[in-house]
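Novice: So that you have it, the file is upload25.json, and it contains JSON, C-alpha atoms:
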```
[["chain", "number", "residue", "atom", "x", "y", "z"],
["A", 27, "ASP", "CA", -4.92, 23.84, 3.21],
["A", 28, "LEU", "CA", -1.58, 22.02, 3.31],
["A", 29, "GLU", "CA", -0.21, 24.61, 5.71],
["A", 30, "ARG", "CA", -3.28, 24.35, 7.97],
["A", 31, "ALA", "CA", -2.89, 20.57, 7.98],
["A", 32, "GLY", "CA", 0.70, 20.96, 9.17],
["A", 33, "LEU", "CA", 2.10, 19.46, 5.99],
["A", 34, "TRP", "CA", 3.87, 22.48, 4.52],
["A", 35, "ASN", "CA", 7.64, 21.83, 4.36],
["A", 36, "HIS", "CA", 7.04, 18.31, 5.67],
["A", 37, "PRO", "CA", 9.55, 15.70, 4.40],
["A", 38, "VAL", "CA", 8.08, 13.01, 2.15],
["A", 39, "ILE", "CA", 9.14, 9.86, 0.31],
["A", 40, "VAL", "CA", 7.92, 9.23, -3.21],
["A", 41, "ASP", "CA", 6.90, 5.57, -3.52],
["A", 42, "LYS", "CA", 7.35, 5.68, -7.27],
["A", 43, "SER", "CA", 9.75, 7.75, -9.29],
["A", 44, "TRP", "CA", 9.21, 9.24, -12.73],
["A", 45, "ASN", "CA", 11.61, 8.52, -15.57],
["A", 46, "LYS", "CA", 11.32, 12.15, -16.59],
["A", 47, "TYR", "CA", 13.02, 13.30, -13.38],
["A", 48, "GLU", "CA", 15.01, 10.22, -12.32],
["A", 49, "GLY", "CA", 18.36, 11.61, -13.42],
["A", 50, "LEU", "CA", 17.71, 15.14, -12.15],
["A", 51, "ILE", "CA", 16.90, 14.73, -8.47],
["A", 52, "LYS", "CA", 19.37, 13.80, -5.76],
["A", 53, "SER", "CA", 16.96, 11.59, -3.79],
["A", 54, "ARG", "CA", 13.25, 10.85, -4.12],
["A", 55, "GLN", "CA", 13.26, 10.04, -0.41],
["A", 56, "ALA", "CA", 14.17, 13.58, 0.60],
["A", 57, "GLY", "CA", 11.47, 15.75, -0.91],
["A", 58, "HIS", "CA", 9.58, 18.42, 1.02],
["A", 59, "ILE", "CA", 6.04, 19.64, 0.47],
["A", 60, "GLY", "CA", 6.15, 23.18, -0.86],
["A", 61, "TRP", "CA", 7.97, 25.04, -3.61],
["A", 62, "ASP", "CA", 11.42, 26.49, -3.75],
["A", 63, "GLU", "CA", 10.99, 29.90, -5.42],
["A", 64, "SER", "CA", 8.61, 32.79, -4.87],
["A", 65, "THR", "CA", 7.92, 32.80, -8.61],
["A", 66, "ILE", "CA", 6.17, 29.41, -8.30],
["A", 67, "THR", "CA", 2.54, 29.81, -7.28],
["A", 68, "PRO", "CA", -0.33, 27.42, -6.42],
["A", 69, "ASP", "CA", -2.00, 27.86, -9.80],
["A", 70, "ILE", "CA", 0.94, 26.06, -11.45],
["A", 71, "PHE", "CA", -0.23, 22.84, -9.76],
["A", 72, "ASP", "CA", -3.61, 21.12, -10.05],
["A", 73, "MET", "CA", -4.14, 21.06, -6.30],
["A", 74, "GLN", "CA", -7.07, 18.66, -6.65],
["A", 75, "GLN", "CA", -4.76, 16.07, -8.22],
["A", 76, "GLU", "CA", -1.22, 16.71, -7.06],
["A", 77, "ILE", "CA", 0.88, 17.93, -4.16],
["A", 78, "PRO", "CA", 3.74, 20.40, -4.81],
["A", 79, "VAL", "CA", 7.04, 18.86, -3.71],
["A", 80, "TRP", "CA", 10.51, 20.31, -4.04],
["A", 81, "PHE", "CA", 13.68, 18.28, -4.36],
["A", 82, "GLU", "CA", 17.37, 19.03, -4.38],
["A", 83, "LYS", "CA", 18.80, 18.40, -7.84],
["A", 84, "VAL", "CA", 22.07, 16.59, -8.43],
["A", 85, "ASP", "CA", 23.67, 19.91, -9.38],
["A", 86, "GLY", "CA", 22.63, 21.53, -6.09],
["A", 87, "ASP", "CA", 19.71, 23.56, -7.45],
["A", 88, "CYS", "CA", 16.08, 22.83, -6.53],
["A", 89, "LEU", "CA", 13.23, 21.42, -8.59],
["A", 90, "SER", "CA", 9.50, 21.73, -7.82],
["A", 91, "VAL", "CA", 7.27, 18.93, -9.08],
["A", 92, "GLY", "CA", 3.56, 18.18, -8.72],
["A", 93, "ILE", "CA", 3.24, 14.63, -7.36],
["A", 94, "PRO", "CA", -0.05, 12.65, -7.20],
["A", 95, "ALA", "CA", -0.95, 12.25, -3.54],
["A", 96, "GLN", "CA", -1.26, 8.46, -3.80],
["A", 97, "LEU", "CA", 2.43, 8.20, -4.73],
["A", 98, "LEU", "CA", 3.62, 9.97, -1.58],
["A", 99, "THR", "CA", 4.38, 8.43, 1.79],
["A", 100, "LEU", "CA", 4.41, 10.49, 4.95],
["A", 101, "LYS", "CA", 4.99, 8.03, 7.77],
["A", 102, "GLY", "CA", 2.20, 8.06, 10.33],
["A", 103, "PHE", "CA", 0.11, 10.51, 8.31],
["A", 104, "ARG", "CA", -2.20, 10.03, 5.34],
["A", 105, "LEU", "CA", -1.86, 12.88, 2.89],
["A", 106, "PRO", "CA", -5.10, 14.76, 2.11],
["A", 107, "GLY", "CA", -6.70, 13.13, -0.90],
["A", 108, "GLY", "CA", -4.32, 10.18, -0.72],
["A", 109, "ALA", "CA", -5.89, 6.89, -1.72],
["A", 110, "MET", "CA", -5.86, 3.83, 0.48],
["A", 111, "ARG", "CA", -3.05, 1.47, -0.43],
["A", 112, "LEU", "CA", -3.48, -2.21, -1.18],
["A", 113, "TRP", "CA", -0.71, -4.45, 0.17],
["A", 114, "ILE", "CA", -0.06, -8.04, -0.90],
["A", 115, "ASP", "CA", 1.77, -10.45, 1.38],
["A", 116, "ALA", "CA", 3.16, -11.87, -1.82],
["A", 117, "ASP", "CA", 5.30, -14.86, -0.84],
["A", 118, "ALA", "CA", 2.33, -17.22, -0.61],
["A", 119, "CYS", "CA", -0.43, -15.30, -2.41],
["A", 120, "PRO", "CA", -1.95, -17.33, -5.27],
["A", 121, "LYS", "CA", -1.27, -15.97, -8.76],
["A", 122, "VAL", "CA", -4.99, -15.72, -9.60],
["A", 123, "ILE", "CA", -5.54, -13.51, -6.54],
["A", 124, "LYS", "CA", -2.69, -11.21, -7.57],
["A", 125, "GLU", "CA", -4.22, -10.90, -11.02],
["A", 126, "ILE", "CA", -7.59, -9.87, -9.53],
["A", 127, "LEU", "CA", -5.80, -7.23, -7.46],
["A", 128, "TYR", "CA", -3.80, -5.91, -10.43],
["A", 129, "ARG", "CA", -7.04, -5.33, -12.33],
["A", 130, "ALA", "CA", -8.70, -3.67, -9.33],
["A", 131, "ALA", "CA", -5.73, -1.33, -8.79],
["A", 132, "GLU", "CA", -5.79, -0.25, -12.44],
["A", 133, "ARG", "CA", -9.56, 0.11, -12.63],
["A", 134, "LEU", "CA", -9.89, 2.11, -9.40],
["A", 135, "ARG", "CA", -6.50, 3.88, -9.64],
["A", 136, "LEU", "CA", -5.40, 2.57, -6.25],
["A", 137, "PRO", "CA", -1.73, 2.15, -5.30],
["A", 138, "LEU", "CA", -0.80, -1.53, -4.85],
["A", 139, "THR", "CA", 2.43, -2.81, -3.29],
["A", 140, "LEU", "CA", 3.63, -6.41, -3.29],
["A", 141, "VAL", "CA", 6.05, -7.35, -0.50],
["A", 142, "ALA", "CA", 8.12, -10.54, -0.46],
["A", 143, "ASN", "CA", 11.62, -11.80, 0.28],
["A", 144, "MET", "CA", 12.18, -12.73, -3.35],
["A", 145, "LYS", "CA", 12.24, -10.74, -6.59],
["A", 146, "LEU", "CA", 8.72, -10.17, -7.88],
["A", 147, "HIS", "CA", 7.39, -9.58, -11.37],
["A", 148, "HIS", "CA", 4.23, -7.56, -11.90],
["A", 149, "PRO", "CA", 2.47, -5.65, -14.69],
["A", 150, "LYS", "CA", 4.01, -2.34, -15.67],
["A", 151, "SER", "CA", 1.75, 0.26, -14.11],
["A", 152, "ALA", "CA", 1.89, 3.64, -12.42],
["A", 153, "PHE", "CA", -0.16, 2.12, -9.59],
["A", 154, "ILE", "CA", 1.72, -1.14, -8.94],
["A", 155, "ASP", "CA", 5.12, -1.64, -7.35],
["A", 156, "ALA", "CA", 7.03, -4.29, -5.40],
["A", 157, "VAL", "CA", 9.36, -4.35, -2.43],
["A", 158, "GLN", "CA", 11.90, -7.12, -1.86],
["A", 159, "VAL", "CA", 12.81, -7.49, 1.81],
["A", 160, "ALA", "CA", 15.53, -9.56, 3.47],
["A", 161, "ALA", "CA", 14.97, -13.26, 4.06],
["A", 162, "GLY", "CA", 13.24, -14.19, 7.30],
["A", 163, "ALA", "CA", 9.93, -15.56, 8.49],
["A", 164, "ASP", "CA", 8.39, -12.26, 9.62],
["A", 165, "VAL", "CA", 10.40, -9.64, 7.72],
["A", 166, "ALA", "CA", 7.75, -9.01, 5.04],
["A", 167, "ASP", "CA", 5.00, -8.87, 7.68],
["A", 168, "ALA", "CA", 6.94, -6.33, 9.75],
["A", 169, "TYR", "CA", 7.59, -4.19, 6.67],
["A", 170, "ILE", "CA", 3.91, -4.07, 5.77],
["A", 171, "VAL", "CA", 2.73, -3.20, 9.28],
["A", 172, "ASP", "CA", 5.45, -0.56, 9.64],
["A", 173, "HIS", "CA", 4.75, 1.15, 6.31],
["A", 174, "ALA", "CA", 0.97, 0.77, 6.06],
["A", 175, "ALA", "CA", -1.33, 3.60, 7.10],
["A", 176, "PRO", "CA", -4.70, 3.38, 8.85],
["A", 177, "GLY", "CA", -7.34, 2.51, 6.25],
["A", 178, "ASP", "CA", -4.99, 0.45, 4.08],
["A", 179, "LEU", "CA", -5.89, -3.13, 3.11],
["A", 180, "VAL", "CA", -3.52, -6.12, 3.21],
["A", 181, "ILE", "CA", -4.17, -9.41, 1.42],
["A", 182, "THR", "CA", -2.76, -12.19, 3.57],
["A", 183, "ALA", "CA", -3.39, -15.62, 5.03],
["A", 184, "ASP", "CA", -0.97, -14.80, 7.87],
["A", 185, "ILE", "CA", -3.00, -14.34, 11.05],
["A", 186, "PRO", "CA", -0.44, -12.29, 13.04],
["A", 187, "LEU", "CA", -0.04, -9.91, 10.08],
["A", 188, "ALA", "CA", -3.82, -9.54, 9.81],
["A", 189, "ALA", "CA", -3.97, -8.83, 13.55],
["A", 190, "GLY", "CA", -1.21, -6.23, 13.27],
["A", 191, "MET", "CA", -3.00, -4.42, 10.45],
["A", 192, "ILE", "CA", -6.29, -4.34, 12.34],
["A", 193, "GLU", "CA", -4.56, -3.05, 15.47],
["A", 194, "LYS", "CA", -3.08, -0.25, 13.37],
["A", 195, "GLY", "CA", -6.50, 0.74, 12.03],
["A", 196, "GLY", "CA", -6.18, -1.04, 8.69],
["A", 197, "PHE", "CA", -7.99, -3.99, 7.14],
["A", 198, "ALA", "CA", -7.02, -7.54, 6.20],
["A", 199, "LEU", "CA", -8.55, -9.90, 3.67],
["A", 200, "ASN", "CA", -7.72, -13.60, 3.33],
["A", 201, "PRO", "CA", -7.06, -14.85, -0.25],
["A", 202, "ARG", "CA", -10.02, -17.22, 0.28],
["A", 203, "GLY", "CA", -12.37, -14.28, 0.80],
["A", 204, "GLU", "CA", -12.65, -13.92, 4.59],
["A", 205, "LEU", "CA", -12.49, -10.31, 5.77],
["A", 206, "TYR", "CA", -10.82, -10.23, 9.16],
["A", 207, "THR", "CA", -12.30, -8.27, 12.04],
["A", 208, "ALA", "CA", -11.05, -7.62, 15.58],
["A", 209, "ASP", "CA", -13.26, -10.51, 16.79],
["A", 210, "ASN", "CA", -12.57, -13.18, 14.20],
["A", 211, "VAL", "CA", -8.83, -12.47, 14.07],
["A", 212, "ARG", "CA", -8.62, -13.13, 17.82],
["A", 213, "ARG", "CA", -10.38, -16.45, 17.34],
["A", 214, "ALA", "CA", -8.11, -17.28, 14.41],
["A", 215, "LEU", "CA", -5.03, -16.48, 16.52],
["A", 216, "SER", "CA", -6.26, -18.77, 19.29],
["A", 217, "MET", "CA", -6.89, -21.58, 16.81],
["A", 218, "ARG", "CA", -3.48, -21.06, 15.22],
["A", 219, "ASN", "CA", -1.76, -21.25, 18.59],
["A", 220, "MET", "CA", -3.66, -24.40, 19.51],
["A", 221, "MET", "CA", -2.69, -26.07, 16.23],
["A", 222, "ASP", "CA", 0.94, -25.09, 16.79],
["A", 223, "ASP", "CA", 0.80, -26.70, 20.22],
["A", 224, "LEU", "CA", -0.68, -29.89, 18.75],
["A", 225, "ARG", "CA", 1.98, -30.06, 16.07],
["A", 226, "GLY", "CA", 4.63, -29.45, 18.72],
["A", 227, "ALA", "CA", 3.25, -32.45, 20.61],
["A", 228, "GLY", "CA", 3.58, -34.62, 17.50],
["A", 229, "VAL", "CA", -0.08, -34.62, 16.44],
["A", 230, "VAL", "CA", -0.54, -34.69, 12.67],
["A", 231, "THR", "CA", -3.02, -31.89, 11.93],
["A", 232, "GLY", "CA", -2.91, -31.69, 8.12],
["A", 233, "GLY", "CA", -2.85, -28.51, 6.07],
["A", 234, "PRO", "CA", -5.39, -26.23, 4.43],
["A", 235, "ALA", "CA", -7.49, -27.49, 1.52],
["A", 236, "ALA", "CA", -6.23, -26.82, -2.01],
["A", 237, "PHE", "CA", -7.10, -23.39, -3.37],
["A", 238, "SER", "CA", -10.24, -23.72, -5.50],
["A", 239, "GLN", "CA", -12.34, -21.81, -8.02],
["A", 240, "SER", "CA", -14.93, -21.17, -5.31],
["A", 241, "ASP", "CA", -12.18, -19.60, -3.14],
["A", 242, "ARG", "CA", -11.23, -17.34, -6.05],
["A", 243, "GLN", "CA", -14.84, -16.27, -6.54],
["A", 244, "ALA", "CA", -15.36, -15.68, -2.82],
["A", 245, "PHE", "CA", -12.29, -13.45, -2.77],
["A", 246, "ALA", "CA", -13.34, -11.46, -5.84],
["A", 247, "ASN", "CA", -16.82, -10.89, -4.41],
["A", 248, "GLN", "CA", -15.56, -9.82, -0.98],
["A", 249, "LEU", "CA", -12.92, -7.52, -2.47],
["A", 250, "ASP", "CA", -15.52, -5.86, -4.68],
["A", 251, "ARG", "CA", -17.89, -5.33, -1.74],
["A", 252, "PHE", "CA", -15.12, -3.97, 0.46],
["A", 253, "LEU", "CA", -13.69, -1.54, -2.10],
["A", 254, "THR", "CA", -17.11, -0.31, -3.17],
["A", 255, "GLN", "CA", -18.01, 0.47, 0.44],
["A", 256, "ARG", "CA", -14.68, 2.04, 1.35],
["A", 257, "LEU", "CA", -14.51, 4.24, -1.73],
["A", 258, "LYS", "CA", -18.08, 5.36, -1.16],
["A", 259, "GLU", "CA", -17.18, 6.33, 2.42],
["A", 260, "GLY", "CA", -14.04, 8.09, 1.22]]
```
As a first step, turn the structure in this file into structure tokens.
Specialist:
Amino acid sequence: DLERAGLWNHPVIVDKSWNKYEGLIKSRQAGHIGWDESTITPDIFDMQQEIPVWFEKVDGDCLSVGIPAQLLTLKGFRLPGGAMRLWIDADACPKVIKEILYRAAERLRLPLTLVANMKLHHPKSAFIDAVQVAAGADVADAYIVDHAAPGDLVITADIPLAAGMIEKGGFALNPRGELYTADNVRRALSMRNMMDDLRGAGVVTGGPAAFSQSDRQAFANQLDRFLTQRLKEG
């Protein structure tokens, strides 16, 4: 099946490493789907759960390892059986929203990545990781759009990032519970641009209302509906 899909011998990056192999492999960003010796056969791997990947070892030999599909990245291609990834635009995401997402990732066994331009702390989990990007207004947004795959979900209040995800075939959910669509994100972009123009002209426009318990509940409800539907479709 992997060969028919054009994935055999395809280079991959492993989003998470494994302490068991950390000191053995030369680079977890240079694996290839397949196995390195004729003595290794498909029945060694649980092909419903893991993808066979071979790596060069630090001593020059090769090592074949079964890697869960959700931990692999193949840019521009979603691995068969790979779960959708949840992304958090983490610089401004409320802590209570992150905690809801941590629980969802663990419960549903979905990979979750936080992206920010500062060091992030998160629960120790095989499904949760964080990426620290360089400082800059749009660096985290660009990283998410570049690394996300169609079908992934980003949690963000940033309208251009939401628009970029939707254009790529992904989804975007506001921390206050609004699920963006192609239509409402266009309206939100227009409103954002108008408000920027007003502020540029010296008009005091005010900011968003304080994050409330009702916002938290709206987000939790919308996330649950979205994930239930998407996982059912998948």
Novice: Rank A:Phe197, A:Trp80, A:Trp34, A:Phe153 by their smallest atom-to-atom distance to A:Ile170, using only C-alpha atoms, and report the top residue only.
Specialist: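 For A:Ile170, the nearest of the candidates is A:Phe197.
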Novice: Go through A:Asp241, A:Asp172, A:Asp250, A:Asp164 and flag the residue nearest A:Leu127, using all atoms listed in the file for the distances.
Specialist: A:Asp250
Novice: Please indicate the distance in Å from atom CA of A:His36 to atom CA of A:Ala160, rounded to one decimal place.
Specialist: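 Going from atom CA of A:His36 over to atom CA of A:Ala160, I get 29.2 Å.
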Novice: Need the axis-aligned box for stretch 90-93 of chain A with 5 Å each side, so what are the centre and edges in Å to one decimal, as AutoDock Vina command-line options?
Specialist:
```
--center_x 6.4 --center_y 18.2 --center_z -8.2 --size_x 16.3 --size_y 17.1 --size_z 11.7
```
Novice: What does the distance between atom CA of A:Glu132 and atom CA of A:Leu253 come to in Å, to one decimal place?
Specialist: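 Between atom CA of A:Glu132 and atom CA of A:Leu253 the gap works out to 13.1 Å.
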Novice: Just give me the gap between atom CA of A:Asp155 and atom CA of A:Phe252 in Å, one decimal is fine.
Specialist: 21.8 Å
Novice: Which one is closest to A:Leu138: A:Ile51, A:Ile192, A:Ile123, A:Ile154? Count only C-alpha atoms.
Specialist: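 Result for the nearest residue to A:Leu138: A:Ile154.
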Novice: Write out as a list in words the residues lying within 12 Å of A:Gln239, counting all atoms listed in the file and excluding same-chain residues fewer than 3 positions away.
Specialist: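 In the requested form, the answer reads Pro120, Val122, Ile123, Pro201, Arg202, Gly203, Ala236, Arg242, Gln243, Ala244, Phe245 and Ala246 of chain A.
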Novice: (18.7, 17.5, -8.4) in this file's frame - what residues fall within 10 Å of it? Use all atoms listed in the file and give the answer as a PyMOL selection string.
Specialist: chain A and resi 47-54+80-89
Novice: Pick out the closest residue to A:Ala168 from this set: A:Ala183, A:Ala156, A:Ala188, A:Ile70. Count all atoms listed in the file.
Specialist: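 Closest to A:Ala168, using all atoms listed in the file: A:Ala188.
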Novice: List as an NGL selection string the protein and nucleic acid residues near A:Asp117, meaning an atom at most 8 Å away when all atoms listed in the file are counted, but skip any in the same chain fewer than 2 places from it.
Specialist: :A and (115 or 119 or 141-144)
Novice: As a PDB file with C-alpha atoms, in the frame of the given file, please: the residues near A:Leu140 (cut-off 6 Å, all atoms listed in the file, same-chain neighbours under 6 positions excluded).
Specialist:
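The new file part39.pdb reads:
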```pdb
ATOM      1  CA  TRP A 113      -0.710  -4.450   0.170  1.00  0.00           C
ATOM      2  CA  ILE A 114      -0.060  -8.040  -0.900  1.00  0.00           C
ATOM      3  CA  ALA A 116       3.160 -11.870  -1.820  1.00  0.00           C
ATOM      4  CA  ALA A 156       7.030  -4.290  -5.400  1.00  0.00           C
TER       5      ALA A 156
END
```
Novice: So, with all atoms listed in the file as the atoms that count, which of A:Ile181, A:Met110, A:Leu187, A:Leu33 lies closest to A:Ile126?
Specialist: A:Ile181
Novice: Between A:Val38, A:His147, A:Arg251, A:Glu259, single out the one closest to A:His58, counting only C-alpha atoms.
Specialist: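 Closest to A:His58, using only C-alpha atoms: A:Val38.
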Novice: Filtering to N, CA, C and O atoms, could stretch 167-178 of chain A of the supplied structure be written out as a JSON list (two decimals), in the first residue's frame?
Specialist:
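As written to disk, selection.json reads:
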```
[["chain", "number", "residue", "atom", "x", "y", "z"],
["A", 167, "ASP", "N", 2.82, 32.70, 12.50],
["A", 167, "ASP", "CA", 1.74, 32.45, 11.53],
["A", 167, "ASP", "C", 2.28, 31.76, 10.28],
["A", 167, "ASP", "O", 1.70, 30.78, 9.78],
["A", 168, "ALA", "N", 3.41, 32.27, 9.78],
["A", 168, "ALA", "CA", 4.00, 31.70, 8.56],
["A", 168, "ALA", "C", 4.44, 30.26, 8.80],
["A", 168, "ALA", "O", 4.27, 29.40, 7.93],
["A", 169, "TYR", "N", 4.98, 29.98, 9.98],
["A", 169, "TYR", "CA", 5.41, 28.62, 10.30],
["A", 169, "TYR", "C", 4.22, 27.66, 10.27],
["A", 169, "TYR", "O", 4.30, 26.57, 9.70],
["A", 170, "ILE", "N", 3.13, 28.07, 10.89],
["A", 170, "ILE", "CA", 1.95, 27.20, 10.95],
["A", 170, "ILE", "C", 1.41, 26.92, 9.56],
["A", 170, "ILE", "O", 1.15, 25.77, 9.20],
["A", 171, "VAL", "N", 1.23, 27.97, 8.76],
["A", 171, "VAL", "CA", 0.68, 27.78, 7.42],
["A", 171, "VAL", "C", 1.61, 26.91, 6.57],
["A", 171, "VAL", "O", 1.16, 26.05, 5.81],
["A", 172, "ASP", "N", 2.92, 27.10, 6.73],
["A", 172, "ASP", "CA", 3.88, 26.35, 5.93],
["A", 172, "ASP", "C", 3.91, 24.87, 6.31],
["A", 172, "ASP", "O", 4.07, 24.00, 5.45],
["A", 173, "HIS", "N", 3.75, 24.57, 7.60],
["A", 173, "HIS", "CA", 3.91, 23.19, 8.06],
["A", 173, "HIS", "C", 2.58, 22.44, 8.22],
["A", 173, "HIS", "O", 2.59, 21.21, 8.34],
["A", 174, "ALA", "N", 1.48, 23.14, 8.24],
["A", 174, "ALA", "CA", 0.18, 22.47, 8.37],
["A", 174, "ALA", "C", -0.18, 21.74, 7.09],
["A", 174, "ALA", "O", 0.29, 22.09, 6.00],
["A", 175, "ALA", "N", -1.01, 20.73, 7.22],
["A", 175, "ALA", "CA", -1.50, 19.96, 6.08],
["A", 175, "ALA", "C", -3.00, 20.21, 5.93],
["A", 175, "ALA", "O", -3.68, 20.60, 6.89],
["A", 176, "PRO", "N", -3.54, 20.02, 4.73],
["A", 176, "PRO", "CA", -4.99, 20.12, 4.56],
["A", 176, "PRO", "C", -5.71, 19.23, 5.57],
["A", 176, "PRO", "O", -5.31, 18.09, 5.80],
["A", 177, "GLY", "N", -6.75, 19.78, 6.20],
["A", 177, "GLY", "CA", -7.49, 19.03, 7.20],
["A", 177, "GLY", "C", -7.07, 19.33, 8.62],
["A", 177, "GLY", "O", -7.77, 18.97, 9.57],
["A", 178, "ASP", "N", -5.92, 19.99, 8.80],
["A", 178, "ASP", "CA", -5.48, 20.38, 10.14],
["A", 178, "ASP", "C", -6.34, 21.53, 10.67],
["A", 178, "ASP", "O", -6.98, 22.26, 9.91]]
```
